[in-house]
Amino acid sequence: MKLAVLIMMVVLAAAFIAPAAFGATEILLDNPSATFVGTWTVGTASTDKYLTDYKWIAVATGGGATATYTPNIPFTSNDWAVYAWYPQGANRPTQAQYIIHHAGGNSTVYLNQTANGGKWNLLGTYTMNAGSGSYVQITNTGSETTKVVMADGIRFYSASSGAPDTTPPTITSVTATPDYDTANISWTTDEGATSQVQYGLTTSYGSQTTKDTTLVTGHMVNISGLTHGTTYHYRVKSEDGSANAATSGDFTFTTSNTQTGEFRAAWMDSWGEGYHTPTEVSSVIDQLYANNFNALVFEARRNGDAAYDSSYENKMSAITPQTFDPLADMITKAHAKNMEVHAWMVTYRIANSAETNAPSIYSQHKTDWLMKSATGALLDGSYYNLDPGVPGVQDYLCKIVVDIASKYDVDGISFDYVRYPGDTWGYNDITRERFKRDYGYYPPTSSTGTGWSLWCDYRRQAVTDLIKKCYMNAMAINPSIKMTVCGITWGAVGNYTSSSAYASVFQDFRKWSQNHIIDATVPMDYKREATSSEATDYRGWVDFCVANTFGRHTYPIQGSYMNSLANSIIQLNYARNAGAQGMCTYDYWSTNNESKTKEQFYAAIKASVFPSKVSVPDMPWKSAPTVGIIFGNVTDAAKPNDALYGNWVYKASVTLTGPYPSAATQTTLTDATGTYGFIDVAPGQYT
């Protein structure tokens, strides 16, 4: 009779904690208690399922779909055994991936779902802390793409009953980061606990934040509505899962007398809604403005198509009517609310292999401008790319930038995919001939070949040449326009010249900032805060970029789509506290991995990160410049038919004489389009 009652309670509640015989503790989680990312299908046909149903999804090499089971662990113990239940079948993977997050980090286990179904299968025994910090995640990552992975039930079992906890958490590392009218308060506890701050003008306090009942060890609470230039007393309070409460001693912070700007942008891709009609545009701008964002970065150029009236490329087919100009409408509506609009430009990508209406530039130059791999492949996944080493490509892409800067009062242009796909790419016939003309041999096809380091530098310089050319031309049209680049942050930062950004995809964004040919670096710091190694990498890249701005700005992009609301808040606040001049969220529509609405996300960001409106940060080199740019182009009309350069003169030596900051005479070489330029030139007369 007791067993029957237990089963009925599990069915009704979906998650159940029961003391078993001899004081053991068991937690059973069914699918209603799980969080699903991706399109999972509900199934009921298998007779060996757990309870009433199960869910399944196709295995994919890139993964992306997850089913996450998060228990509320009642006590800390090192003997939590974790089990998985699934219905077996011939079309199941033999290597179904389970990720167990526990006190020691992450452990990955693979189960053969073609066998041993209809029972609890042990995933291992782990130390788990009290609270909701542990979880089991089933993914669809794998190579068996003809199979479907099952998500059904997860069981947590401890032989201990968990003696009553009477010890309150220990509070350490209490820190305040005040601003003009807000303050972020952070602290740590030695066990999962709640978060609350009491504050006021005296030690009587008088005000307190709403208690956050999530049990965490790293705490961050934002206080808003403060008076600037004022000293406040505060103390923090935490309560563990057994209601043991701890209160810190008294601390003080003082708010600032001056309000500093901060770049707060949401990135919005062109694959979803938000730009097709004036109504959609208004909704996006209003949503961001209401939640104290001050910028929108919109994917205005995608695969050689445009979400604006381009002089060179077709308008995106999803825009109806085709006479509607989304970029112009965004700029008008955003500027009315003192918000910025930056045009996001997918730089070298030119066509999707699945598209039947190929961009005109692809059709015109698919035989001579496309990027090739060392083996002659043209497709990078599903996409064709233009080759950075082709002079005509550099000229064409700069014309795209000039077109936008000339016709739109856009606040910025952001270069994305301004890189190679990897070090096996760049073997376009024109680029290979250029390299041979320079060095007497064709570029090597592997890292063991002669001249590999030189070939890497050659490709890296090709991307740098485009950035510099576009920057100088855009500044000549509109000196206030802000040029930014999306920086690669794959893996740990380590030694920058060994990083993927520099060594594998030839994107030297540190040099671009140092040479002042960009105004801000926007590191694409997409990391899962719940995974300790990724959380460490996120902080490492933020710290690196902040330390390497060279007088320019850095605005880290945080991957909200792959994090919980709470973890996105932690990452955004980290970027601010590390000294970044702003931060961004990606993406406008996909805001979390908890199946919460974007409205919930933006409300949470407003409450904990952007409690009041601020302006974008000043760029003094633009608002009050003391130096300028000299640039031009060298051509030779006597050589109009050069197979590689037309009448552009490559590697012409250009000497500038005059009051240049560091010396009276400076010399540079022209790039593949005959372009030369001197940056940060003092006012005066030059020859």
# chains A, B, ... in the order shown; residues from 1 in each chain; ligands from 1
call {"tool": "select_by_dssp", "arguments": {"residues": "segment 270-453 of chain A", "states": "strand (DSSP E or B)", "output": "ChimeraX atom specification"}}
result
/A:295-301,306,315,340-346,349-352,370,373,379-380,383-386,412-416,425
call {"tool": "write_last_selection", "arguments": {"atoms": "N, CA, C and O atoms", "output": "short mmCIF file (atom, residue, chain, number, x, y, z; two decimals), in the first residue's frame"}}
result
data_model
loop_
_atom_site.label_atom_id
_atom_site.label_comp_id
_atom_site.auth_asym_id
_atom_site.auth_seq_id
_atom_site.Cartn_x
_atom_site.Cartn_y
_atom_site.Cartn_z
N ALA A 295 20.97 50.87 -27.25
CA ALA A 295 21.46 50.58 -28.60
C ALA A 295 20.89 49.27 -29.12
O ALA A 295 20.60 48.35 -28.34
N LEU A 296 20.75 49.20 -30.43
CA LEU A 296 20.36 47.97 -31.13
C LEU A 296 21.38 47.73 -32.22
O LEU A 296 21.69 48.63 -33.02
N VAL A 297 21.93 46.52 -32.27
CA VAL A 297 22.83 46.12 -33.35
C VAL A 297 22.05 45.15 -34.22
O VAL A 297 21.71 44.04 -33.78
N PHE A 298 21.75 45.55 -35.44
CA PHE A 298 20.85 44.80 -36.32
C PHE A 298 21.59 44.23 -37.51
O PHE A 298 22.40 44.92 -38.14
N GLU A 299 21.32 42.97 -37.85
CA GLU A 299 21.97 42.30 -38.98
C GLU A 299 21.43 42.85 -40.29
O GLU A 299 20.50 42.32 -40.90
N ALA A 300 22.06 43.93 -40.73
CA ALA A 300 21.60 44.63 -41.93
C ALA A 300 22.08 43.95 -43.21
O ALA A 300 21.48 44.12 -44.28
N ARG A 301 23.18 43.19 -43.12
CA ARG A 301 23.71 42.46 -44.29
C ARG A 301 24.00 41.03 -43.84
O ARG A 301 24.73 40.82 -42.87
N ALA A 306 20.50 42.39 -48.24
CA ALA A 306 20.47 43.56 -47.38
C ALA A 306 19.09 43.82 -46.82
O ALA A 306 18.07 43.58 -47.47
N LYS A 315 17.60 43.19 -51.75
CA LYS A 315 16.99 43.26 -50.43
C LYS A 315 16.58 41.86 -49.99
O LYS A 315 16.22 41.01 -50.82
N GLU A 340 20.95 54.31 -30.10
CA GLU A 340 21.79 54.13 -31.28
C GLU A 340 21.37 52.90 -32.06
O GLU A 340 20.84 51.93 -31.50
N VAL A 341 21.66 52.93 -33.37
CA VAL A 341 21.49 51.77 -34.24
C VAL A 341 22.81 51.51 -34.95
O VAL A 341 23.38 52.42 -35.58
N HIS A 342 23.32 50.29 -34.81
CA HIS A 342 24.55 49.88 -35.49
C HIS A 342 24.19 48.82 -36.53
O HIS A 342 23.46 47.87 -36.23
N ALA A 343 24.71 48.99 -37.73
CA ALA A 343 24.46 48.04 -38.81
C ALA A 343 25.45 46.89 -38.71
O ALA A 343 26.66 47.08 -38.86
N TRP A 344 24.92 45.72 -38.47
CA TRP A 344 25.71 44.49 -38.33
C TRP A 344 25.93 43.92 -39.73
O TRP A 344 24.98 43.65 -40.46
N MET A 345 27.19 43.73 -40.10
CA MET A 345 27.57 43.32 -41.45
C MET A 345 28.29 41.98 -41.41
O MET A 345 29.38 41.88 -40.84
N VAL A 346 27.67 40.94 -41.96
CA VAL A 346 28.35 39.64 -42.10
C VAL A 346 29.29 39.79 -43.29
O VAL A 346 28.87 39.83 -44.42
N ARG A 349 30.83 36.38 -45.93
CA ARG A 349 29.84 35.41 -46.38
C ARG A 349 29.02 36.01 -47.52
O ARG A 349 28.55 37.13 -47.44
N ILE A 350 28.80 35.22 -48.59
CA ILE A 350 28.16 35.79 -49.77
C ILE A 350 26.94 35.02 -50.25
O ILE A 350 26.08 35.57 -50.93
N ALA A 351 26.79 33.75 -49.88
CA ALA A 351 25.61 33.01 -50.35
C ALA A 351 25.43 31.75 -49.52
O ALA A 351 26.40 31.18 -49.01
N ASN A 352 24.17 31.34 -49.41
CA ASN A 352 23.80 30.09 -48.77
C ASN A 352 23.57 29.07 -49.87
O ASN A 352 22.86 29.34 -50.84
N LEU A 370 35.53 33.50 -54.99
CA LEU A 370 35.15 32.69 -53.84
C LEU A 370 36.37 32.14 -53.10
O LEU A 370 37.39 31.80 -53.70
N SER A 373 39.29 26.10 -49.99
CA SER A 373 40.13 25.42 -49.00
C SER A 373 41.37 24.88 -49.69
O SER A 373 41.50 24.94 -50.92
N LEU A 379 32.52 25.28 -50.22
CA LEU A 379 31.50 25.44 -49.19
C LEU A 379 32.11 25.30 -47.79
O LEU A 379 32.75 24.30 -47.47
N ASP A 380 31.87 26.31 -46.97
CA ASP A 380 32.17 26.25 -45.54
C ASP A 380 30.85 25.92 -44.86
O ASP A 380 30.06 26.81 -44.57
N TYR A 383 27.74 27.56 -46.56
CA TYR A 383 27.94 28.93 -47.05
C TYR A 383 29.15 29.04 -47.97
O TYR A 383 30.15 28.35 -47.81
N TYR A 384 29.01 29.97 -48.91
CA TYR A 384 30.12 30.42 -49.74
C TYR A 384 30.64 31.74 -49.17
O TYR A 384 29.86 32.58 -48.71
N ASN A 385 31.96 31.91 -49.21
CA ASN A 385 32.58 33.15 -48.71
C ASN A 385 33.43 33.78 -49.79
O ASN A 385 34.01 33.08 -50.64
N LEU A 386 33.54 35.10 -49.74
CA LEU A 386 34.48 35.80 -50.59
C LEU A 386 35.87 35.68 -49.98
O LEU A 386 36.02 35.62 -48.76
N GLY A 412 26.77 53.25 -36.13
CA GLY A 412 27.94 52.39 -36.19
C GLY A 412 27.78 51.29 -37.23
O GLY A 412 26.67 50.99 -37.68
N ILE A 413 28.90 50.71 -37.61
CA ILE A 413 28.93 49.53 -38.47
C ILE A 413 29.78 48.49 -37.77
O ILE A 413 30.91 48.78 -37.35
N SER A 414 29.23 47.29 -37.61
CA SER A 414 29.94 46.23 -36.89
C SER A 414 30.25 45.08 -37.84
O SER A 414 29.35 44.51 -38.47
N PHE A 415 31.53 44.74 -37.96
CA PHE A 415 31.98 43.68 -38.85
C PHE A 415 31.93 42.34 -38.12
O PHE A 415 32.62 42.13 -37.12
N ASP A 416 31.15 41.41 -38.66
CA ASP A 416 31.07 40.05 -38.14
C ASP A 416 31.65 39.11 -39.20
O ASP A 416 31.68 39.44 -40.39
N TRP A 425 41.87 27.54 -45.16
CA TRP A 425 41.14 28.31 -46.16
C TRP A 425 41.99 29.49 -46.65
O TRP A 425 42.90 29.94 -45.96
#
call {"tool": "closest_atom_pairs", "arguments": {"of": "segment 119-140 of chain A", "to": "segment 92-95 of chain A", "cutoff": "12 Å", "atoms": "only C-alpha atoms", "output": "JSON lines"}}
result
{"residue": "A:Ile138", "atom": "CA", "partner": "A:Gln95", "partner_atom": "CA", "distance": 11.3}
{"residue": "A:Thr139", "atom": "CA", "partner": "A:Gln95", "partner_atom": "CA", "distance": 10.7}
{"residue": "A:Asn140", "atom": "CA", "partner": "A:Pro93", "partner_atom": "CA", "distance": 9.5}
call {"tool": "residues_around", "arguments": {"residues": "Pro556 of chain A", "least_positions_apart": "5", "cutoff": "10 Å", "atoms": "only C-alpha atoms", "output": "ChimeraX atom specification"}}
result
/A:486-487,520-526,538,541-542,545-546,571-572,575-576,580-585
call {"tool": "residues_around", "arguments": {"residues": "Val654 of chain A", "least_positions_apart": "4", "cutoff": "8 Å", "atoms": "only C-alpha atoms", "output": "PyMOL selection string"}}
result
chain A and resi 667-670+676
call {"tool": "closest_residue", "arguments": {"among": "A:Val418, A:Ala290, A:Ile467, A:Val614", "to": "Glu599 of chain A", "atoms": "only C-alpha atoms"}}
result
A:Ala290
call {"tool": "select_by_dssp", "arguments": {"residues": "segment 228-282 of chain A", "states": "helix (DSSP H, G or I)", "output": "PyMOL selection string"}}
result
chain A and resi 278-282
call {"tool": "write_last_selection", "arguments": {"atoms": "N, CA and C atoms", "output": "PDB file, in the first residue's frame"}}
result
ATOM      1  N   PRO A 278       6.961  48.043 -40.229  1.00  0.00           N
ATOM      2  CA  PRO A 278       7.115  49.140 -39.264  1.00  0.00           C
ATOM      3  C   PRO A 278       6.611  48.772 -37.871  1.00  0.00           C
ATOM      4  N   THR A 279       5.570  47.959 -37.797  1.00  0.00           N
ATOM      5  CA  THR A 279       5.043  47.548 -36.491  1.00  0.00           C
ATOM      6  C   THR A 279       6.061  46.717 -35.726  1.00  0.00           C
ATOM      7  N   GLU A 280       6.711  45.783 -36.409  1.00  0.00           N
ATOM      8  CA  GLU A 280       7.733  44.964 -35.759  1.00  0.00           C
ATOM      9  C   GLU A 280       8.898  45.826 -35.270  1.00  0.00           C
ATOM     10  N   VAL A 281       9.334  46.760 -36.097  1.00  0.00           N
ATOM     11  CA  VAL A 281      10.446  47.631 -35.713  1.00  0.00           C
ATOM     12  C   VAL A 281      10.083  48.431 -34.464  1.00  0.00           C
ATOM     13  N   SER A 282       8.882  48.989 -34.442  1.00  0.00           N
ATOM     14  CA  SER A 282       8.443  49.767 -33.272  1.00  0.00           C
ATOM     15  C   SER A 282       8.445  48.922 -32.014  1.00  0.00           C
TER      16      SER A 282
END
call {"tool": "closest_residue", "arguments": {"among": "A:Gln137, A:Ser595, A:Thr52, A:Asn573", "to": "Thr531 of chain A", "atoms": "only C-alpha atoms"}}
result
A:Gln137
call {"tool": "residues_around", "arguments": {"residues": "segment 45-48 of chain A", "least_positions_apart": "3", "cutoff": "7 Å", "atoms": "only C-alpha atoms", "output": "CSV table (one decimal) with all heavy atoms, in the first residue's frame"}}
result
chain,number,residue,atom,x,y,z
A,87,PRO,N,13.3,4.5,-22.7
A,87,PRO,CA,12.8,3.3,-23.4
A,87,PRO,C,13.8,3.0,-24.5
A,87,PRO,O,14.2,3.8,-25.3
A,87,PRO,CB,11.5,3.9,-24.0
A,87,PRO,CG,11.6,5.3,-24.1
A,87,PRO,CD,12.6,5.7,-23.0
A,117,GLY,N,16.9,-0.7,-21.5
A,117,GLY,CA,15.8,0.2,-21.3
A,117,GLY,C,14.8,-0.3,-20.3
A,117,GLY,O,14.8,-1.4,-19.8
A,118,GLY,N,13.9,0.6,-19.9
A,118,GLY,CA,12.9,0.3,-18.9
A,118,GLY,C,13.4,0.0,-17.5
A,118,GLY,O,12.7,-0.7,-16.7
call {"tool": "residues_around", "arguments": {"residues": "segment 256-261 of chain A", "least_positions_apart": "2", "cutoff": "6 Å", "atoms": "only C-alpha atoms", "output": "list in words"}}
result
Asp179, Tyr180, His228, Gly229, Val614, Ser615, Val616 and Pro617 of chain A
call {"tool": "write_last_selection", "arguments": {"atoms": "C-alpha atoms", "output": "mmCIF file, in the first residue's frame"}}
result
data_model
loop_
_atom_site.group_PDB
_atom_site.id
_atom_site.type_symbol
_atom_site.label_atom_id
_atom_site.label_comp_id
_atom_site.auth_asym_id
_atom_site.auth_seq_id
_atom_site.Cartn_x
_atom_site.Cartn_y
_atom_site.Cartn_z
ATOM 1 C CA ASP A 179 27.585 53.884 -9.606
ATOM 2 C CA TYR A 180 25.643 57.130 -9.971
ATOM 3 C CA HIS A 228 24.132 60.238 -6.185
ATOM 4 C CA GLY A 229 27.104 61.374 -4.110
ATOM 5 C CA VAL A 614 22.205 56.120 -19.205
ATOM 6 C CA SER A 615 23.662 57.545 -22.378
ATOM 7 C CA VAL A 616 26.195 55.719 -24.518
ATOM 8 C CA PRO A 617 29.803 56.355 -23.440
#
call {"tool": "atom_distance", "arguments": {"atom1": "atom CA of Glu594 of chain A", "atom2": "atom CA of Pro71 of chain A"}}
result
14.6 Å
call {"tool": "decode", "arguments": {"residues": "segment 222-234 of chain A", "atoms": "N, CA, C and O atoms", "output": "PDB file, in the first residue's frame"}}
result
ATOM      1  N   ASN A 222      21.541  43.858  -7.064  1.00  0.00           N
ATOM      2  CA  ASN A 222      21.610  45.244  -7.507  1.00  0.00           C
ATOM      3  C   ASN A 222      20.640  46.096  -6.704  1.00  0.00           C
ATOM      4  O   ASN A 222      19.478  45.722  -6.519  1.00  0.00           O
ATOM      5  N   ILE A 223      21.100  47.231  -6.215  1.00  0.00           N
ATOM      6  CA  ILE A 223      20.252  48.201  -5.518  1.00  0.00           C
ATOM      7  C   ILE A 223      20.091  49.402  -6.442  1.00  0.00           C
ATOM      8  O   ILE A 223      21.084  49.967  -6.918  1.00  0.00           O
ATOM      9  N   SER A 224      18.881  49.820  -6.714  1.00  0.00           N
ATOM     10  CA  SER A 224      18.629  50.956  -7.592  1.00  0.00           C
ATOM     11  C   SER A 224      17.895  52.053  -6.841  1.00  0.00           C
ATOM     12  O   SER A 224      17.486  51.889  -5.688  1.00  0.00           O
ATOM     13  N   GLY A 225      17.728  53.193  -7.517  1.00  0.00           N
ATOM     14  CA  GLY A 225      16.997  54.301  -6.921  1.00  0.00           C
ATOM     15  C   GLY A 225      17.749  55.025  -5.826  1.00  0.00           C
ATOM     16  O   GLY A 225      17.138  55.665  -4.955  1.00  0.00           O
ATOM     17  N   LEU A 226      19.080  54.950  -5.850  1.00  0.00           N
ATOM     18  CA  LEU A 226      19.885  55.613  -4.827  1.00  0.00           C
ATOM     19  C   LEU A 226      20.116  57.084  -5.176  1.00  0.00           C
ATOM     20  O   LEU A 226      19.912  57.503  -6.317  1.00  0.00           O
ATOM     21  N   THR A 227      20.583  57.851  -4.221  1.00  0.00           N
ATOM     22  CA  THR A 227      20.915  59.259  -4.432  1.00  0.00           C
ATOM     23  C   THR A 227      22.394  59.375  -4.750  1.00  0.00           C
ATOM     24  O   THR A 227      23.234  58.785  -4.057  1.00  0.00           O
ATOM     25  N   HIS A 228      22.725  60.139  -5.804  1.00  0.00           N
ATOM     26  CA  HIS A 228      24.132  60.238  -6.185  1.00  0.00           C
ATOM     27  C   HIS A 228      24.929  61.018  -5.133  1.00  0.00           C
ATOM     28  O   HIS A 228      24.393  61.862  -4.405  1.00  0.00           O
ATOM     29  N   GLY A 229      26.219  60.701  -5.051  1.00  0.00           N
ATOM     30  CA  GLY A 229      27.104  61.374  -4.110  1.00  0.00           C
ATOM     31  C   GLY A 229      26.743  61.159  -2.654  1.00  0.00           C
ATOM     32  O   GLY A 229      26.927  62.049  -1.821  1.00  0.00           O
ATOM     33  N   THR A 230      26.253  59.986  -2.314  1.00  0.00           N
ATOM     34  CA  THR A 230      25.764  59.722  -0.966  1.00  0.00           C
ATOM     35  C   THR A 230      26.391  58.448  -0.408  1.00  0.00           C
ATOM     36  O   THR A 230      26.559  57.458  -1.131  1.00  0.00           O
ATOM     37  N   THR A 231      26.718  58.459   0.891  1.00  0.00           N
ATOM     38  CA  THR A 231      27.270  57.278   1.551  1.00  0.00           C
ATOM     39  C   THR A 231      26.135  56.466   2.176  1.00  0.00           C
ATOM     40  O   THR A 231      25.282  57.013   2.892  1.00  0.00           O
ATOM     41  N   TYR A 232      26.142  55.174   1.889  1.00  0.00           N
ATOM     42  CA  TYR A 232      25.122  54.258   2.407  1.00  0.00           C
ATOM     43  C   TYR A 232      25.779  53.185   3.279  1.00  0.00           C
ATOM     44  O   TYR A 232      26.894  52.727   2.985  1.00  0.00           O
ATOM     45  N   HIS A 233      25.055  52.777   4.331  1.00  0.00           N
ATOM     46  CA  HIS A 233      25.414  51.592   5.101  1.00  0.00           C
ATOM     47  C   HIS A 233      24.650  50.402   4.520  1.00  0.00           C
ATOM     48  O   HIS A 233      23.526  50.547   4.041  1.00  0.00           O
ATOM     49  N   TYR A 234      25.284  49.218   4.589  1.00  0.00           N
ATOM     50  CA  TYR A 234      24.586  48.023   4.113  1.00  0.00           C
ATOM     51  C   TYR A 234      25.140  46.779   4.800  1.00  0.00           C
ATOM     52  O   TYR A 234      26.256  46.786   5.337  1.00  0.00           O
TER      53      TYR A 234
END
